[in-house]
Amino acid sequence: MTAPADKPHLSRAHALDLLRHMIRIRRFEDKCAELYTQEKIRGFMHLYDGEEAVAVGVIPVLERRDRIVATYREHGHALVRGVPMTTTLAEMYGKQEGCSRGRGGSMHLFDRASNFYGGNAIVGGGLPVSIGLALADHMRGDNTITACFFGEGAVAEGEFHESMNLAALWGLPVLFVCENNRYAMGTALALSESETDIQRKAACYRIASEAVDGMDVVAVEAAARRLVHAVRESGKPHFLECRTYRLRAHSMFDAQLYRDKAEIDTWRSKEPIVRFQDWLESNHMIHPDDLARIEDEVAAEIADAVAFAEAGTWEPVEQLTRFTIAEKAA
Amino acid sequence: MPSLGADMEAGTLVEWLVKPGDQVKRGDIVAVVETQKGAIEIEVFETGQVEQILVGLHAKVPVGTPLARIRTEHERKGGVAPAPPRTMPSAAAPPITAIPRVAGRVRVSPAARKLAQMSGVDLAAVTGSGADGTIVRADVARSLTGVAVRAEGKRAIGLDLDAMRTAIAAAMARSKREIPHYYLEHQVDVTPSEAWLTHTNAARPPDNRLLFGALAIKSVALAAQCFPAFNGFYCDGKFEPASAVHVGMAIAIRGGGLAAPAIHDAAELALDELMARMRDLIQRTRAGHIRSSEIADSTITVSSLGERGIEALYGIIYPPQVAIVGFGKVVVRPWVVDGAIGPRSVVNITLSADHRVSDGHAGALFLAEVGKLLQEPEKL
Amino acid sequence: MAQTAAVATIEVTYRDAVREAIRDALNRDNRVFLMGEDIGRYGGCYAVSKGLLAEFGPERIRDTPLSESGFTGAGIGAAMAGMRPIVELMTVNFSLLALDQILNNAATIRHMSGNQFGVPVVIRMATGAGRQLAAQHSHSLEGWYAHIPGIKVLAPGTLEDARGMLWTALQDPDPVLIFENVMLYNMTGKLAADAGPVDIDKAAVRRTGRDISLITYGGSLWKTLDAAAALAAENIDAEVIDLRSLRPLDDATIMASVAKTRRAVIVDEGWRSGSLSAEICTRIVEQAFWELDAPIGRVCSEEAPIPYPRHLENAAIPQVPKIVAAAKAALGRA
């Protein structure tokens, strides 16, 4: 791995921070898998293993006032954005102490305080919404930006094309982050797209586009810094294709009949945490103590979140229809 | 057995990748499970030593079943934590509230209105048993029997003969006023029936014996199936033939009452069953324990005064029915058979029918069919 | 225009009233903007927004490409971020392309996010048949939309409502869909010069009567009023209820009417099966069953795609003679 050409300044503190964020997500996802097998978490659940570098590379670059739209594979995005692990896990348990009152579950994490607009379960469904969020900021002359995360599967949907066109046509401050993990559920990219070079599609709409190695957290951050800055300064949309890989199955209930174990193993050897950790170790930027400390802190935080979720309560059934529409002030 | 999906209920163990004694750590793949989606590798979330395999190969077990026991380093309890309780809080659906009863208005159901109209019942005289005094069909039907009803209850408490007389008066007056009756009479040699009854009853105790009335009702029911113009209801200016034959049996009540409750599906009943129903109806009618459906469901009525010694009876049709068949007494008479005079058991069968629906020709065929059926009692 | 103590009225079309409502909203609230296909330079498919581009500029009168899902979602996102967009979907026929955004986002986000985010978007659509536009351009799907919890559905049938519902809808913190029947745009009448916002949750009794309740909305309102006039000539006194809001339905007004007249006919331009009229029938059975003297009648569109030739199209949708016949049948009169 080469040293990044653009600044971020990779101080030891910052490096540890990046690593910690990724490990935190990985261990959390692992705990979610365990809880799911125990039926504490139900429904559909999609884990982020292998893709941590994308959320961790991009989201800390954003400001608090910036807006984030994500997909149903959004636990990592929520965590690194600052949605508390306690309310995130409680949400997945379905407890009313969850960030969405327990009503959304794994696929619908929302957090107003951090401008986290979900958690969207319709592939491609979040793109038009992100256009709207950016449109509002644009009309008000704000230089707030919107970061819209989606998988490469979404580029097949009409919404993707409509949104690219609108963003470019109207000059909207959106950073589109395409997490190309090569599989849309069970369909390999080459089997669903005539043009598999994703960034070229956005370029066709006259959006400044580039691709980056999504397994390299420093490269992702470097690209994110440049592009966030560019969006904010120009008010124009930019597109970042992050080439990454999903180490686990699409969701918990997936026999992975569509890909080789050998392929997964190959990618496992290049996955972002292992890769970054190795690089840091070989450059003497971290010590074993640091790792132990990170693992202990993360384990404690996870245990705490599990306790919080376990102790959570069920929303009373009488409240079921509340907040379908806004309640009138008394 | 882990839950791997929203719709996974069970899994089949197809491969163990560890055996007792093996060390495992969190995240290791320890087994392969076959599911409806294919084979999925199972990871373990404990670190320790495999102590015991609990489920063998090719066993299909429900989600939540322990698969193996693992001794962990900290002697924690191994295995799968219990799933959350399946019982979730439930709540009754919020009631749809009907608008309050408009003052001065009695609530009457459509079914009740229809029956009242068909049978000439005055709704003002009916007490409603539904919520908030609502009159439902059963209330109208009950008033046809003249049977009084306890306010909230459904069981009759006794006979109100005055009310019954009034109801009969109204019904009979309406019948004569509205229904153009025509009358046919048919004298039938029922010697075969009498002989068959004597023979059949010889081996039976008295309370199990068949009476001629059962043969009468069965033959009328079977004939009614072939002649639908005599089985059904006339209302709103048109005749609706009934899909089933429920024969009303006229029953006199001590003290001057009269009711004609239905024997449902009389044509389908074996004679013994029919006889049992008749006995039951008579007993219940006289005790005032008749069900409203039994009154309102009759599609044709049979009346008999044979036991009173009457030779022929010309009945008045019970509206909204369109026919009533009368049986007189079975009398031994001199009769010509094959050119010679001999004693035969003869009964006079009459038909009173609604001329809006049928005419004499059809009536004659109907009666002839009844007579024919009585010639072969063993086939009834 | 007269300026006296008496209410001054102006002669306007329904189209003018809608335009004035939009203009009024744009003037009163900086957050409001109009977005849709051909609303700017073209002046609007039905000429509703004619002249607005010159008056308010391209940022607030925003022409869009043919991307119903894209710009409806954009309206939703903009509303979530604090604007008050009016999304114009050219007709309900094209709204199907935006159905995912309307149902899975607009209607759902408040509940699904645990009340963190609301979507105060207004979506206006033309609806209905009658101009021989054939099957793909003649739908009446407002009843479908009224099925969805989380949104409000309006059908302005009068000039006052065309003028006044929009502002109230824009103030609502939740998505509001407004259906404008295509046959009404040319309708002319008198409107108070100072006409302003009206409520969006009550039905209105447009004609009082004693014998039967005729319940309807939108484009069928005027046919129903004509039917009431024809019935009056035969001594049948019909009450006409204009639903105005299809979701929520104003049960109280409907039931009070049925309790009075004991008979009802519902006139709904949607297809009969599973239509809004079926919902209203069921509500009447649930809440006012004991007051009924006759089965509830319905006059709906025939179960076929709307055909092109005039005589078939006319036969396919509710018309005055059918409404009159249904009313008489409910009264047991031939």
# chains A, B, ... in the order shown; residues from 1 in each chain; ligands from 1

call {"tool": "closest_atom_pairs", "arguments": {"of": "chain A", "to": "chain C", "cutoff": "6 Å", "atoms": "only C-alpha atoms", "output": "tab-separated table"}}
result
residue	atom	partner	partner_atom	distance
A:Ser100	CA	C:Gly114	CA	4.3
A:Arg101	CA	C:Gly114	CA	4.9
A:Arg103	CA	C:Met112	CA	5.6
A:Gly104	CA	C:Met112	CA	5.2
A:Phe110	CA	C:Ser113	CA	5.5
A:Arg112	CA	C:Gln116	CA	5.9
A:Pro128	CA	C:Gly73	CA	4.4
A:Val129	CA	C:Gly77	CA	4.3
A:Ile131	CA	C:Ala74	CA	5.2
A:Gly132	CA	C:Ala74	CA	3.5
A:Leu133	CA	C:Gly77	CA	4.5
A:Ala136	CA	C:Ala78	CA	4.8
A:Glu159	CA	C:Gly70	CA	6.0
A:Glu162	CA	C:Gly70	CA	5.3
A:Ser163	CA	C:Gly70	CA	5.6
A:Phe323	CA	C:His111	CA	5.3
A:Thr324	CA	C:His111	CA	4.9
A:Ile325	CA	C:Gly150	CA	5.3

call {"tool": "select_by_dssp", "arguments": {"residues": "segment 40-203 of chain C", "states": "helix (DSSP H, G or I)", "output": "count of residues only"}}
result
60

call {"tool": "interface_residues", "arguments": {"of": "chain B", "to": "chain C", "cutoff": "7 Å", "atoms": "only C-alpha atoms", "output": "list in words"}}
result
Ile96, Thr97, Ala98, Ile99, Arg107, Val108 and Ser109 of chain B

call {"tool": "residues_around", "arguments": {"residues": "Thr244 of chain A", "least_positions_apart": "4", "cutoff": "7 Å", "atoms": "only C-alpha atoms", "output": "ChimeraX atom specification"}}
result
/A:51,179-181,213-215

call {"tool": "interface_residues", "arguments": {"of": "chain B", "to": "chain A", "cutoff": "6 Å", "atoms": "only C-alpha atoms", "output": "MDAnalysis selection string"}}
result
chainID B and resid 2:6 38:40 83

call {"tool": "write_last_selection", "arguments": {"atoms": "N, CA and C atoms", "output": "PDB file, in the first residue's frame"}}
result
ATOM      1  N   PRO B   2     -29.158 -22.254  14.843  1.00  0.00           N
ATOM      2  CA  PRO B   2     -29.349 -20.799  14.820  1.00  0.00           C
ATOM      3  C   PRO B   2     -30.496 -20.411  13.904  1.00  0.00           C
ATOM      4  N   SER B   3     -31.108 -19.266  14.219  1.00  0.00           N
ATOM      5  CA  SER B   3     -32.027 -18.674  13.273  1.00  0.00           C
ATOM      6  C   SER B   3     -31.185 -17.906  12.260  1.00  0.00           C
ATOM      7  N   LEU B   4     -31.397 -18.188  10.992  1.00  0.00           N
ATOM      8  CA  LEU B   4     -30.625 -17.503   9.963  1.00  0.00           C
ATOM      9  C   LEU B   4     -31.504 -16.621   9.104  1.00  0.00           C
ATOM     10  N   GLY B   5     -32.793 -16.702   9.315  1.00  0.00           N
ATOM     11  CA  GLY B   5     -33.642 -15.894   8.449  1.00  0.00           C
ATOM     12  C   GLY B   5     -35.036 -15.749   9.001  1.00  0.00           C
ATOM     13  N   ALA B   6     -35.702 -14.768   8.470  1.00  0.00           N
ATOM     14  CA  ALA B   6     -37.036 -14.424   8.937  1.00  0.00           C
ATOM     15  C   ALA B   6     -37.993 -15.596   8.803  1.00  0.00           C
ATOM     16  N   GLY B  38     -30.432 -23.623   0.750  1.00  0.00           N
ATOM     17  CA  GLY B  38     -29.142 -24.233   0.433  1.00  0.00           C
ATOM     18  C   GLY B  38     -28.344 -24.461   1.701  1.00  0.00           C
ATOM     19  N   ALA B  39     -27.105 -24.934   1.549  1.00  0.00           N
ATOM     20  CA  ALA B  39     -26.270 -25.255   2.716  1.00  0.00           C
ATOM     21  C   ALA B  39     -25.607 -23.986   3.225  1.00  0.00           C
ATOM     22  N   ILE B  40     -25.698 -23.783   4.525  1.00  0.00           N
ATOM     23  CA  ILE B  40     -25.102 -22.591   5.134  1.00  0.00           C
ATOM     24  C   ILE B  40     -24.163 -23.030   6.248  1.00  0.00           C
ATOM     25  N   ALA B  83     -34.515 -17.754  23.634  1.00  0.00           N
ATOM     26  CA  ALA B  83     -35.114 -16.757  22.748  1.00  0.00           C
ATOM     27  C   ALA B  83     -36.089 -15.896  23.548  1.00  0.00           C
TER      28      ALA B  83
END

call {"tool": "select_by_dssp", "arguments": {"residues": "segment 81-282 of chain B", "states": "strand (DSSP E or B)", "output": "ChimeraX atom specification"}}
result
/B:108,135,147-149,156-159,181-189,232-235,238-241,247-249,251-253,257-259,262-263

call {"tool": "residues_around", "arguments": {"residues": "Arg26 of chain A", "least_positions_apart": "3", "cutoff": "10 Å", "atoms": "only C-alpha atoms", "output": "MDAnalysis selection string"}}
result
chainID A and resid 20:23 29:32 47:52 76 273 298

call {"tool": "write_last_selection", "arguments": {"atoms": "N, CA and C atoms", "output": "compact mmCIF listing (two decimals), in the first residue's frame"}}
result
# COMPACT_ATOMS: atom_id res chain seq x y z
N ARG A 20 -9.84 1.98 15.06
CA ARG A 20 -10.82 1.71 16.11
C ARG A 20 -12.23 1.72 15.52
N HIS A 21 -12.51 2.71 14.68
CA HIS A 21 -13.84 2.76 14.07
C HIS A 21 -14.15 1.48 13.32
N MET A 22 -13.17 1.00 12.57
CA MET A 22 -13.43 -0.19 11.75
C MET A 22 -13.60 -1.42 12.63
N ILE A 23 -12.74 -1.54 13.63
CA ILE A 23 -12.85 -2.70 14.52
C ILE A 23 -14.18 -2.65 15.27
N GLU A 29 -20.99 -5.91 14.31
CA GLU A 29 -21.67 -6.75 13.33
C GLU A 29 -21.60 -8.21 13.74
N ASP A 30 -20.47 -8.58 14.28
CA ASP A 30 -20.30 -9.96 14.73
C ASP A 30 -21.28 -10.28 15.86
N LYS A 31 -21.42 -9.34 16.77
CA LYS A 31 -22.39 -9.53 17.86
C LYS A 31 -23.79 -9.59 17.30
N CYS A 32 -24.09 -8.76 16.32
CA CYS A 32 -25.42 -8.80 15.70
C CYS A 32 -25.68 -10.17 15.10
N LEU A 47 -25.08 -7.35 7.03
CA LEU A 47 -23.88 -6.97 7.77
C LEU A 47 -22.80 -6.41 6.85
N TYR A 48 -21.95 -5.61 7.45
CA TYR A 48 -21.05 -4.74 6.69
C TYR A 48 -19.62 -5.28 6.58
N ASP A 49 -19.39 -6.48 7.10
CA ASP A 49 -18.02 -7.01 7.17
C ASP A 49 -17.29 -6.88 5.83
N GLY A 50 -16.15 -6.26 5.88
CA GLY A 50 -15.32 -6.11 4.68
C GLY A 50 -15.44 -4.73 4.06
N GLU A 51 -16.50 -4.02 4.35
CA GLU A 51 -16.73 -2.73 3.70
C GLU A 51 -16.50 -1.54 4.64
N GLU A 52 -16.00 -1.83 5.82
CA GLU A 52 -15.88 -0.79 6.85
C GLU A 52 -15.10 0.44 6.38
N GLY A 76 -22.87 0.17 10.11
CA GLY A 76 -21.55 0.80 10.19
C GLY A 76 -21.65 2.31 10.01
N ILE A 273 -9.46 -4.11 7.58
CA ILE A 273 -8.91 -4.03 8.93
C ILE A 273 -7.54 -4.71 8.97
N VAL A 298 -14.07 -1.75 22.92
CA VAL A 298 -15.18 -2.12 22.03
C VAL A 298 -16.02 -3.23 22.66

call {"tool": "residues_around", "arguments": {"residues": "segment 287-297 of chain A", "least_positions_apart": "6", "cutoff": "9 Å", "atoms": "only C-alpha atoms", "output": "PyMOL selection string"}}
result
chain A and resi 16+19-20+23-24+27+280-281

call {"tool": "closest_residue", "arguments": {"among": "A:Met139, A:Ser114, A:Ala154, A:Val83", "to": "Thr71 of chain A", "atoms": "only C-alpha atoms"}}
result
A:Ala154

call {"tool": "atom_distance", "arguments": {"atom1": "atom CA of Met90 of chain C", "atom2": "atom CA of Lys202 of chain C"}}
result
26.4 Å

call {"tool": "residues_around", "arguments": {"residues": "Ala147 of chain A", "least_positions_apart": "2", "cutoff": "6 Å", "atoms": "only C-alpha atoms", "output": "PyMOL selection string"}}
result
chain A and resi 68+174-176

call {"tool": "residues_around", "arguments": {"residues": "Ala353 of chain B", "least_positions_apart": "3", "cutoff": "7 Å", "atoms": "only C-alpha atoms", "output": "PDB file with C-alpha atoms, in the first residue's frame"}}
result
ATOM      1  CA  HIS B 181    -106.970 -20.852  -2.652  1.00  0.00           C
ATOM      2  CA  TYR B 182    -108.053 -23.750  -4.781  1.00  0.00           C
ATOM      3  CA  TYR B 183    -108.907 -27.145  -3.337  1.00  0.00           C
ATOM      4  CA  VAL B 322     -98.181 -21.716  -1.022  1.00  0.00           C
ATOM      5  CA  ALA B 323     -99.693 -25.090  -0.114  1.00  0.00           C
ATOM      6  CA  ILE B 324    -101.062 -27.152   2.729  1.00  0.00           C
TER       7      ILE B 324
END

call {"tool": "atom_distance", "arguments": {"atom1": "atom CA of Ala262 of chain B", "atom2": "atom CA of Ile217 of chain B"}}
result
10.9 Å

call {"tool": "atom_distance", "arguments": {"atom1": "atom CA of Phe150 of chain A", "atom2": "atom CA of Ile148 of chain C"}}
result
27.1 Å
